[in-house]
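Read the structure below first, then the notes.
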Amino acid sequence: MILGIDTSIGTAVSIVDLAGRVRAEAVSRDPRGHAEVIGDLLVRVFDDAGVGPAEITAVAAGMGPGPFTGLRVGIAAARSFALGRGIPVVPVASHDAAARARVDPALATGGAAPVEGEPIAIVTDARRRELAVSVYRVENGMPVRIVDPHLVLRAATEPLDLFGAAAVELPETTSISAAALARVAAERLAAGDADTAAVEPLYLRAPDVTVPAGPKKVGT
């Protein structure tokens, strides 16, 4: 079974078996407070699924795009759990999970599933009056990313390529499905193309803190 953890928007945790069946999922939509809730959500999904940590064979970690502090909570939780169990972490872009949920009738997060060849825009709040945008195309029933995550001003009026509307006019994704995240990881593991090597998180922007230039001089 695969444990999915994402903290790119709210906090979402899920357990999915290798056939893609969702055994349990727990979500907090609060865009802050990830560290305060993730432990309780983990306990809840294990209780709801009726499985123990020893039955988890891989952990899917949502890699963003997301804010620096919040995103690190989920990645740290995923890596810590995997380290303790001696199992792999499968990094998955959070927008990939959102696109997977959009085309999956079982998850039904975006209404009718897009048709073959149709583009999908995943738009999430990037704060500071910006949006994070990725673009996918449906190929063989699955989303394939064709434009990597990037920031767009909410006030921008230029239509996105392949779309007749600006990013702010397109449907905004307000939560990431940890079940979809785990399903993506399960499919990649089954296909033998899961990159379990260290992958850099997709932070929305660099942290605001800076390294001091040097010790301050103190007068006598």
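Residue names in the structure tokens use chain letters A, B, ... in the order shown, residue numbers from 1 in each chain, and ligand numbers from 1 in the order shown.
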
Please identify every residue of range 71-114 of chain A that has at least one atom no farther than 10 Å from an atom of range 10-31 of chain A, counting only C-alpha atoms, and for each give the shortest atom pair and the distance in Å to one decimal, arranged by chain then increasing number, as a Markdown table.
| residue | atom | partner | partner_atom | distance |
| --- | --- | --- | --- | --- |
| A:Leu71 | CA | A:Thr11 | CA | 9.4 |
| A:Val73 | CA | A:Thr11 | CA | 9.4 |
| A:Gly74 | CA | A:Thr11 | CA | 7.8 |
| A:Ala106 | CA | A:Arg21 | CA | 9.8 |
| A:Leu107 | CA | A:Val22 | CA | 9.9 |

Output the selection as a CSV table (one decimal), in the first residue's frame - N, CA and C atoms for each residue.
chain,number,residue,atom,x,y,z
A,71,LEU,N,5.2,23.4,2.6
A,71,LEU,CA,5.6,22.3,1.7
A,71,LEU,C,6.6,21.4,2.4
A,73,VAL,N,6.8,20.7,5.5
A,73,VAL,CA,6.2,19.8,6.5
A,73,VAL,C,5.8,18.5,6.0
A,74,GLY,N,5.1,18.5,4.8
A,74,GLY,CA,4.7,17.2,4.2
A,74,GLY,C,5.9,16.4,3.7
A,106,ALA,N,-13.5,8.5,-10.8
A,106,ALA,CA,-13.7,8.1,-9.4
A,106,ALA,C,-13.4,9.2,-8.4
A,107,LEU,N,-12.6,10.2,-8.8
A,107,LEU,CA,-12.2,11.3,-7.9
A,107,LEU,C,-13.1,12.5,-8.2

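Coordinates place CA of Ala121 in chain A at a distance of 10.7 Å from CA of Ala165 in chain A.
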
DSSP on the backbone: what in chain A comes out alpha helix (DSSP H), as a PyMOL selection string? chain A and resi 34-49+68-85+94-103+178-191

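Take the candidates A:Thr57, A:Thr124, A:Thr157, A:Ser80 and check each one against Pro171 in chain A using only C-alpha atoms; the shortest distance goes to A:Thr124.
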
Which one is closest to Ala97 in chain A: A:Ala166, A:Ala60, A:Ile75, A:Leu42? Count only C-alpha atoms. A:Ala60

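If you measure from each of A:Ile38, A:Met142, A:Ile9, A:Leu170 to Arg127 in chain A using only C-alpha atoms, the closest one turns out to be A:Ile9.
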
If we count only C-alpha atoms, what is near Ala76 in chain A at a cut-off of 12 Å, once residues fewer than 3 positions away on the same chain are taken out, given as a PyMOL selection string? chain A and resi 5-7+34-35+38+59-63+69-73+79-83+89+91+201

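Nearest to Leu3 in chain A of all the residues A:Arg145, A:Ile120, A:Pro65, A:Leu41 is A:Leu41, counting only C-alpha atoms.
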
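Comparing A:Leu160, A:Ala182, A:Leu189, A:Ile2 by their smallest distance to Val92 in chain A, the closest is A:Ala182 (using only C-alpha atoms).
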
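Distances to Asp148 in chain A were evaluated for A:Pro114, A:Pro53, A:Gly64, A:Pro105 using only C-alpha atoms, and the minimum falls at A:Gly64.
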
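CA of Gly66 in chain A to CA of Asp40 in chain A spans 21.4 Å [interatomic distance, one decimal].
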
List the spatial neighbours of Glu158 in chain A as a ChimeraX atom specification - criterion: any atom at most 12 Å away, only C-alpha atoms, same-chain residues fewer than 5 positions off excluded. /A:152-153,163-169

Which of chain A fall in strand (DSSP E), as a VMD selection string: chain A and resid 2 to 6 11 to 16 22 to 28 58 to 62 89 to 92 119 to 125 130 to 139 142 to 153

Skip Ala99 in chain A itself and residues of its chain fewer than 6 positions away, then list as an MDAnalysis selection string all residues within 12 Å of it, counting only C-alpha atoms. chainID A and resid 92:93 105 107:110 113:114 119:124 133:138 141:146 172:173 175:177 180:181 183:184

Just write the chosen residues, C-alpha atoms, as a PDB file, in the first residue's frame.
ATOM      1  CA  VAL A  92       5.121  13.653  -7.247  1.00  0.00           C
ATOM      2  CA  ALA A  93       4.430  17.230  -8.310  1.00  0.00           C
ATOM      3  CA  PRO A 105     -14.083   9.842 -12.803  1.00  0.00           C
ATOM      4  CA  LEU A 107     -12.244  11.251  -7.902  1.00  0.00           C
ATOM      5  CA  ALA A 108     -14.544  13.645  -9.776  1.00  0.00           C
ATOM      6  CA  THR A 109     -12.807  16.855  -8.744  1.00  0.00           C
ATOM      7  CA  GLY A 110     -13.414  18.803 -11.927  1.00  0.00           C
ATOM      8  CA  ALA A 113     -13.474  14.282 -17.485  1.00  0.00           C
ATOM      9  CA  PRO A 114     -11.601  16.102 -20.282  1.00  0.00           C
ATOM     10  CA  PRO A 119      -5.560  20.837 -22.515  1.00  0.00           C
ATOM     11  CA  ILE A 120      -5.978  21.137 -18.749  1.00  0.00           C
ATOM     12  CA  ALA A 121      -4.803  24.125 -16.716  1.00  0.00           C
ATOM     13  CA  ILE A 122      -4.104  23.521 -13.037  1.00  0.00           C
ATOM     14  CA  VAL A 123      -4.279  26.869 -11.237  1.00  0.00           C
ATOM     15  CA  THR A 124      -3.534  27.246  -7.516  1.00  0.00           C
ATOM     16  CA  VAL A 133      -0.104  27.501 -13.231  1.00  0.00           C
ATOM     17  CA  SER A 134       0.743  24.204 -14.950  1.00  0.00           C
ATOM     18  CA  VAL A 135      -0.666  22.972 -18.263  1.00  0.00           C
ATOM     19  CA  TYR A 136      -1.370  19.358 -19.260  1.00  0.00           C
ATOM     20  CA  ARG A 137      -2.745  17.555 -22.297  1.00  0.00           C
ATOM     21  CA  VAL A 138      -4.853  14.392 -22.075  1.00  0.00           C
ATOM     22  CA  GLY A 141      -6.756   9.119 -20.976  1.00  0.00           C
ATOM     23  CA  MET A 142      -3.991  10.471 -18.730  1.00  0.00           C
ATOM     24  CA  PRO A 143      -2.644  14.009 -18.199  1.00  0.00           C
ATOM     25  CA  VAL A 144       0.815  14.729 -19.599  1.00  0.00           C
ATOM     26  CA  ARG A 145       2.469  17.925 -18.432  1.00  0.00           C
ATOM     27  CA  ILE A 146       3.369  20.234 -21.313  1.00  0.00           C
ATOM     28  CA  GLU A 172      -8.857  27.298  -9.364  1.00  0.00           C
ATOM     29  CA  THR A 173      -7.797  24.131  -7.568  1.00  0.00           C
ATOM     30  CA  SER A 175      -7.121  21.321  -2.537  1.00  0.00           C
ATOM     31  CA  ILE A 176      -4.817  18.505  -3.619  1.00  0.00           C
ATOM     32  CA  SER A 177      -6.089  14.942  -3.444  1.00  0.00           C
ATOM     33  CA  ALA A 180      -4.650  11.043  -6.586  1.00  0.00           C
ATOM     34  CA  LEU A 181      -1.068  11.693  -5.464  1.00  0.00           C
ATOM     35  CA  ARG A 183      -2.380   6.780  -7.435  1.00  0.00           C
ATOM     36  CA  VAL A 184       0.185   8.615  -9.574  1.00  0.00           C
TER      37      VAL A 184
END
